[in-house]
Amino acid sequence: AKRRQKDMDARWTKKHGKSYFGYKVSANADKRYKLVRKIKVSTASEHDTLHFEEVLDPSNTNRNVLADKGYVDGAREDRLTQQGWRMHIQRKGSKDKPISETQKRRNTRIAKTRARIEHVFAGLAEMGGKGLRTIGLARATLQLNWKVAAYNLRRLVYLKEARVEAF
């Protein structure tokens, strides 16, 4: 009886010194209209980079990929560049080799665009917070898909009211 009330799929992770239990969502969002194109739900302990290529939308006409410093991987960048993607991943320095001024400017330019995408996650958090009232990865995936669909509908209503010709 106790097992029914325990989420056996969810996992622990630590971010900025704080522990979290549950799931995380990786998303591909449109820069211009702030609509979510594709998501992947996983346990909290899985690293975001594992789902990087799964959330890429090949039907997207804009082939730019913007990501933060955690996604730097030369082999992945080469593979995606050969597939036609234009990689805009921020660069990170190390203790021995800090990044140059040019790279800092590049990181700032990428961060300005990525900030628009963070609005999507803020909008999702606004719709009931980060908590899920489900047990199991399948139900969490379903609930997060519903939440993203509701967010996209709300965003489309805004775009219509603002008379934005998106399509």
# chains A, B, ... in the order shown; residues from 1 in each chain; ligands from 1
$ select_by_dssp --residues "chain A" --states "strand (DSSP E)" --output "PyMOL selection string"
chain A and resi 11-15+18-29+36-43+64-67+86-89
$ residues_around --residues "Lys15 (chain A)" --least-positions-apart "3" --cutoff "12 Å" --atoms "only C-alpha atoms" --output "JSON, numbers by chain"
{"A": [12, 18, 19, 20, 21, 44, 45, 47]}
$ closest_residue --among "A:Leu137, A:Ala27, A:Tyr33, A:Lys2" --to "Val157 (chain A)" --atoms "only C-alpha atoms"
A:Tyr33
$ residues_around --residues "Lys34 (chain A)" --least-positions-apart "2" --cutoff "12 Å" --atoms "only C-alpha atoms" --output "number ranges by chain"
A: 27-32, 36-37, 113-124, 148, 151-156, 158-159, 166
$ residues_around --residues "Val65 (chain A)" --least-positions-apart "2" --cutoff "7 Å" --atoms "only C-alpha atoms" --output "ChimeraX atom specification"
/A:63,67,85-88
$ residues_around --residues "Lys6 (chain A)" --least-positions-apart "6" --cutoff "12 Å" --atoms "only C-alpha atoms" --output "ChimeraX atom specification"
/A:22,133-136
$ write_last_selection --atoms "N, CA and C atoms" --output "CSV table (one decimal), in the first residue's frame"
chain,number,residue,atom,x,y,z
A,22,GLY,N,12.2,15.1,-8.1
A,22,GLY,CA,11.1,15.0,-9.1
A,22,GLY,C,11.6,14.9,-10.5
A,133,ARG,N,1.3,17.2,-9.1
A,133,ARG,CA,0.6,16.3,-8.2
A,133,ARG,C,0.3,15.0,-8.9
A,134,THR,N,1.4,14.3,-9.3
A,134,THR,CA,1.3,13.0,-10.0
A,134,THR,C,2.4,12.1,-9.4
A,135,ILE,N,2.2,10.8,-9.7
A,135,ILE,CA,3.2,9.8,-9.3
A,135,ILE,C,3.6,9.1,-10.6
A,136,GLY,N,4.8,9.1,-11.0
A,136,GLY,CA,5.3,8.4,-12.2
A,136,GLY,C,5.7,9.3,-13.3
$ residues_around --residues "region 49-56 of chain A" --least-positions-apart "5" --cutoff "7 Å" --atoms "only C-alpha atoms" --output "JSON list (two decimals) with N, CA and C atoms, in the first residue's frame"
[["chain", "number", "residue", "atom", "x", "y", "z"],
["A", 26, "SER", "N", 12.89, 19.76, -20.48],
["A", 26, "SER", "CA", 13.77, 20.42, -21.44],
["A", 26, "SER", "C", 12.87, 20.86, -22.59],
["A", 27, "ALA", "N", 13.07, 22.08, -23.06],
["A", 27, "ALA", "CA", 12.15, 22.61, -24.06],
["A", 27, "ALA", "C", 12.88, 23.30, -25.20],
["A", 28, "ASN", "N", 12.21, 23.31, -26.35],
["A", 28, "ASN", "CA", 12.65, 24.05, -27.51],
["A", 28, "ASN", "C", 11.57, 25.11, -27.73],
["A", 38, "LYS", "N", 8.76, 21.94, -28.72],
["A", 38, "LYS", "CA", 8.98, 20.54, -28.38],
["A", 38, "LYS", "C", 9.49, 20.46, -26.94],
["A", 39, "ILE", "N", 9.07, 19.42, -26.21],
["A", 39, "ILE", "CA", 9.58, 19.24, -24.84],
["A", 39, "ILE", "C", 10.01, 17.79, -24.63],
["A", 40, "LYS", "N", 10.81, 17.61, -23.60],
["A", 40, "LYS", "CA", 11.23, 16.28, -23.15],
["A", 40, "LYS", "C", 11.23, 16.32, -21.63],
["A", 71, "TYR", "N", 26.31, 23.30, -22.45],
["A", 71, "TYR", "CA", 26.09, 22.45, -23.62],
["A", 71, "TYR", "C", 27.29, 22.39, -24.55]]
$ select_by_dssp --residues "region 58-88 of chain A" --states "helix (DSSP H, G or I)" --output "PyMOL selection string"
chain A and resi 69-71+74-82
$ atom_distance --atom1 "CA of Thr108 (chain A)" --atom2 "CA of Asn60 (chain A)"
24.4 Å
$ residues_around --residues "Val72 (chain A)" --least-positions-apart "3" --cutoff "9 Å" --atoms "only C-alpha atoms" --output "ChimeraX atom specification"
/A:67-69,76-77,89-92
$ closest_residue --among "A:Ala75, A:Glu161, A:Asp48, A:Met8" --to "Lys24 (chain A)" --atoms "only C-alpha atoms"
A:Asp48
